[in-house]
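To start, the structure itself, in structure tokens.
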Amino acid sequence: MADIGIKLGVDGEKSFNDALKNINSTLKVLGSEMKEVSSRFLDNSKSIEAYNEKNKILSRQIETQKEKVEMLRQTLEKSKEMYGENDKRTKEWTVKLNLAEAELNKMNNELKNNNSQMKMYGENNDKASASVKNLDTEVDTLKGNLDQIDTKYKKNKNSVEALQEKHAALSNIMGKQSEKVEILKN
């Protein structure tokens with residue numbers, strides 16, 4: 001955090017304003033980075049990669065915003081000491097602090113939401129993996145049934161009965177594969 005030894009008055013105000021401008025400039029750069037990431041993942045904004053990239057920037061934004069809030073809090077306290085709580089300058093610092101805290105809360109909420117989305121994504125991915133694994137097991141069983149049909153009709157593989165049983169087994173395999181495709185699409 002910028003250590004400017006918060007002082008109000010002619011000497012301290014310039015260094016404080018410079019430090020605050022520096023923080024605001026950093027926040028502006030981070031905001032532009034967030035826009036770049038959002039535009040890069042426009043078609044895939046709900047991907048785990050998009051959330052990871054956004055979280056990296058949000059974490060930096062939050063740290064910078066915390067610096068700003070702390071600077072404003074110290075300045076507000078000094079203003080209260082020097083001018084009193086009802087002074088116009090003190091009220092202006094109060095407004096600036098409230099706005100900075102509101103922005104910090106917004107950033108924290110966005111980070112919390114992103115983390116929740118990533119957790120949900122992970123849970124859904126785990127469920128999909130388990131479902132696909134179960135379907136693979138079922139397909140393997142159905143392939144085994146197909147082998148049994150071949151063995152059963154070894155001497156007469158092209159009989160109507162053999163072909164009907166093979167058709168039914170293959171239809172079941174296709175159905176399970178279709179289910180797997182749908183799970184993987186989502």
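How things are named: the first chain in the structure tokens is A, the next is B, and so on; residues count from 1 in each chain; ligands count from 1 in the order shown.
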
Near A:Leu170, within 10 Å and counting only C-alpha atoms, which residues show up once chain neighbours fewer than 3 positions away are dropped, as a PDB file with N, CA, C and O atoms, in the first residue's frame?
ATOM      1  N   VAL A 139     -22.233 -50.178 -22.166  1.00  0.00           N
ATOM      2  CA  VAL A 139     -21.888 -50.479 -23.561  1.00  0.00           C
ATOM      3  C   VAL A 139     -21.005 -51.720 -23.622  1.00  0.00           C
ATOM      4  O   VAL A 139     -21.204 -52.588 -24.491  1.00  0.00           O
ATOM      5  N   LEU A 142     -23.184 -54.635 -23.244  1.00  0.00           N
ATOM      6  CA  LEU A 142     -23.947 -54.885 -24.471  1.00  0.00           C
ATOM      7  C   LEU A 142     -23.056 -55.484 -25.562  1.00  0.00           C
ATOM      8  O   LEU A 142     -23.507 -56.341 -26.332  1.00  0.00           O
ATOM      9  N   LYS A 143     -21.809 -55.066 -25.615  1.00  0.00           N
ATOM     10  CA  LYS A 143     -20.878 -55.662 -26.591  1.00  0.00           C
ATOM     11  C   LYS A 143     -20.643 -57.140 -26.252  1.00  0.00           C
ATOM     12  O   LYS A 143     -20.526 -57.971 -27.149  1.00  0.00           O
ATOM     13  N   ASN A 145     -22.871 -58.999 -24.890  1.00  0.00           N
ATOM     14  CA  ASN A 145     -24.092 -59.672 -25.358  1.00  0.00           C
ATOM     15  C   ASN A 145     -24.012 -59.944 -26.858  1.00  0.00           C
ATOM     16  O   ASN A 145     -24.463 -60.996 -27.328  1.00  0.00           O
ATOM     17  N   LEU A 146     -23.442 -59.019 -27.582  1.00  0.00           N
ATOM     18  CA  LEU A 146     -23.292 -59.182 -29.027  1.00  0.00           C
ATOM     19  C   LEU A 146     -22.363 -60.378 -29.322  1.00  0.00           C
ATOM     20  O   LEU A 146     -22.647 -61.173 -30.227  1.00  0.00           O
ATOM     21  N   GLN A 164     -31.822 -60.460 -36.070  1.00  0.00           N
ATOM     22  CA  GLN A 164     -32.745 -59.684 -35.225  1.00  0.00           C
ATOM     23  C   GLN A 164     -32.137 -59.420 -33.851  1.00  0.00           C
ATOM     24  O   GLN A 164     -32.227 -58.305 -33.331  1.00  0.00           O
ATOM     25  N   GLU A 165     -31.507 -60.448 -33.261  1.00  0.00           N
ATOM     26  CA  GLU A 165     -30.876 -60.264 -31.947  1.00  0.00           C
ATOM     27  C   GLU A 165     -29.689 -59.309 -32.041  1.00  0.00           C
ATOM     28  O   GLU A 165     -29.483 -58.473 -31.162  1.00  0.00           O
ATOM     29  N   LYS A 166     -28.904 -59.424 -33.114  1.00  0.00           N
ATOM     30  CA  LYS A 166     -27.772 -58.506 -33.312  1.00  0.00           C
ATOM     31  C   LYS A 166     -28.283 -57.069 -33.490  1.00  0.00           C
ATOM     32  O   LYS A 166     -27.712 -56.118 -32.945  1.00  0.00           O
ATOM     33  N   HIS A 167     -29.361 -56.929 -34.257  1.00  0.00           N
ATOM     34  CA  HIS A 167     -29.943 -55.598 -34.478  1.00  0.00           C
ATOM     35  C   HIS A 167     -30.394 -54.982 -33.157  1.00  0.00           C
ATOM     36  O   HIS A 167     -30.139 -53.798 -32.880  1.00  0.00           O
ATOM     37  N   ILE A 173     -26.734 -50.504 -28.001  1.00  0.00           N
ATOM     38  CA  ILE A 173     -25.407 -49.878 -27.948  1.00  0.00           C
ATOM     39  C   ILE A 173     -25.490 -48.453 -28.499  1.00  0.00           C
ATOM     40  O   ILE A 173     -24.955 -47.502 -27.898  1.00  0.00           O
ATOM     41  N   MET A 174     -26.174 -48.288 -29.613  1.00  0.00           N
ATOM     42  CA  MET A 174     -26.331 -46.946 -30.216  1.00  0.00           C
ATOM     43  C   MET A 174     -27.061 -46.012 -29.262  1.00  0.00           C
ATOM     44  O   MET A 174     -26.701 -44.830 -29.139  1.00  0.00           O
ATOM     45  N   GLY A 175     -28.090 -46.520 -28.592  1.00  0.00           N
ATOM     46  CA  GLY A 175     -28.836 -45.701 -27.629  1.00  0.00           C
ATOM     47  C   GLY A 175     -27.945 -45.207 -26.501  1.00  0.00           C
ATOM     48  O   GLY A 175     -27.996 -44.030 -26.111  1.00  0.00           O
ATOM     49  N   LYS A 176     -27.119 -46.101 -25.969  1.00  0.00           N
ATOM     50  CA  LYS A 176     -26.211 -45.728 -24.875  1.00  0.00           C
ATOM     51  C   LYS A 176     -25.158 -44.736 -25.366  1.00  0.00           C
ATOM     52  O   LYS A 176     -24.813 -43.778 -24.657  1.00  0.00           O
TER      53      LYS A 176
END

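Near A:Leu27, within 9 Å and counting only C-alpha atoms, sit A:Asn22, A:Ser32, A:Arg60, A:Gln61, A:Thr64, A:Gln65; same-chain residues fewer than 5 positions away were not included.
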
Could you pull the residues within 12 Å of A:Ala102, counting only C-alpha atoms, minus those fewer than 5 positions along the same chain, as a list in words?
-> Ile62, Gln65, Lys66, Lys68, Val69, Val95, Lys96, Leu97, Met107, Asn108 and Asn109 of chain A

Selection above as a file: N, CA, C and O atoms, as a PDB file, in the first residue's frame:
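File produced: out08.pdb:
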ATOM      1  N   ILE A  62      -9.182  -6.289  -6.195  1.00  0.00           N
ATOM      2  CA  ILE A  62      -9.610  -6.234  -4.795  1.00  0.00           C
ATOM      3  C   ILE A  62      -8.484  -5.719  -3.910  1.00  0.00           C
ATOM      4  O   ILE A  62      -8.707  -4.859  -3.041  1.00  0.00           O
ATOM      5  N   GLN A  65      -8.131  -2.046  -4.543  1.00  0.00           N
ATOM      6  CA  GLN A  65      -9.282  -1.327  -3.980  1.00  0.00           C
ATOM      7  C   GLN A  65      -9.182  -1.256  -2.461  1.00  0.00           C
ATOM      8  O   GLN A  65      -9.552  -0.254  -1.859  1.00  0.00           O
ATOM      9  N   LYS A  66      -8.662  -2.305  -1.838  1.00  0.00           N
ATOM     10  CA  LYS A  66      -8.473  -2.288  -0.383  1.00  0.00           C
ATOM     11  C   LYS A  66      -7.499  -1.176   0.006  1.00  0.00           C
ATOM     12  O   LYS A  66      -7.689  -0.509   1.034  1.00  0.00           O
ATOM     13  N   LYS A  68      -7.046   1.581  -1.602  1.00  0.00           N
ATOM     14  CA  LYS A  68      -7.789   2.837  -1.762  1.00  0.00           C
ATOM     15  C   LYS A  68      -8.707   3.067  -0.572  1.00  0.00           C
ATOM     16  O   LYS A  68      -8.763   4.171  -0.012  1.00  0.00           O
ATOM     17  N   VAL A  69      -9.428   2.043  -0.167  1.00  0.00           N
ATOM     18  CA  VAL A  69     -10.352   2.164   0.971  1.00  0.00           C
ATOM     19  C   VAL A  69      -9.584   2.554   2.230  1.00  0.00           C
ATOM     20  O   VAL A  69     -10.013   3.440   2.983  1.00  0.00           O
ATOM     21  N   VAL A  95     -18.247  10.338   1.605  1.00  0.00           N
ATOM     22  CA  VAL A  95     -18.872   9.882   0.353  1.00  0.00           C
ATOM     23  C   VAL A  95     -17.861   9.073  -0.466  1.00  0.00           C
ATOM     24  O   VAL A  95     -18.182   7.982  -0.973  1.00  0.00           O
ATOM     25  N   LYS A  96     -16.651   9.582  -0.579  1.00  0.00           N
ATOM     26  CA  LYS A  96     -15.621   8.866  -1.346  1.00  0.00           C
ATOM     27  C   LYS A  96     -15.336   7.498  -0.735  1.00  0.00           C
ATOM     28  O   LYS A  96     -15.190   6.500  -1.455  1.00  0.00           O
ATOM     29  N   LEU A  97     -15.265   7.439   0.588  1.00  0.00           N
ATOM     30  CA  LEU A  97     -15.021   6.162   1.257  1.00  0.00           C
ATOM     31  C   LEU A  97     -16.192   5.206   1.024  1.00  0.00           C
ATOM     32  O   LEU A  97     -15.983   4.026   0.708  1.00  0.00           O
ATOM     33  N   MET A 107     -16.768  -6.039  -6.095  1.00  0.00           N
ATOM     34  CA  MET A 107     -15.683  -6.905  -6.575  1.00  0.00           C
ATOM     35  C   MET A 107     -15.647  -8.226  -5.793  1.00  0.00           C
ATOM     36  O   MET A 107     -15.490  -9.296  -6.388  1.00  0.00           O
ATOM     37  N   ASN A 108     -15.794  -8.129  -4.476  1.00  0.00           N
ATOM     38  CA  ASN A 108     -15.803  -9.343  -3.655  1.00  0.00           C
ATOM     39  C   ASN A 108     -16.970 -10.253  -4.017  1.00  0.00           C
ATOM     40  O   ASN A 108     -16.819 -11.474  -4.061  1.00  0.00           O
ATOM     41  N   ASN A 109     -18.129  -9.661  -4.277  1.00  0.00           N
ATOM     42  CA  ASN A 109     -19.296 -10.460  -4.665  1.00  0.00           C
ATOM     43  C   ASN A 109     -19.079 -11.138  -6.016  1.00  0.00           C
ATOM     44  O   ASN A 109     -19.472 -12.284  -6.215  1.00  0.00           O
TER      45      ASN A 109
END
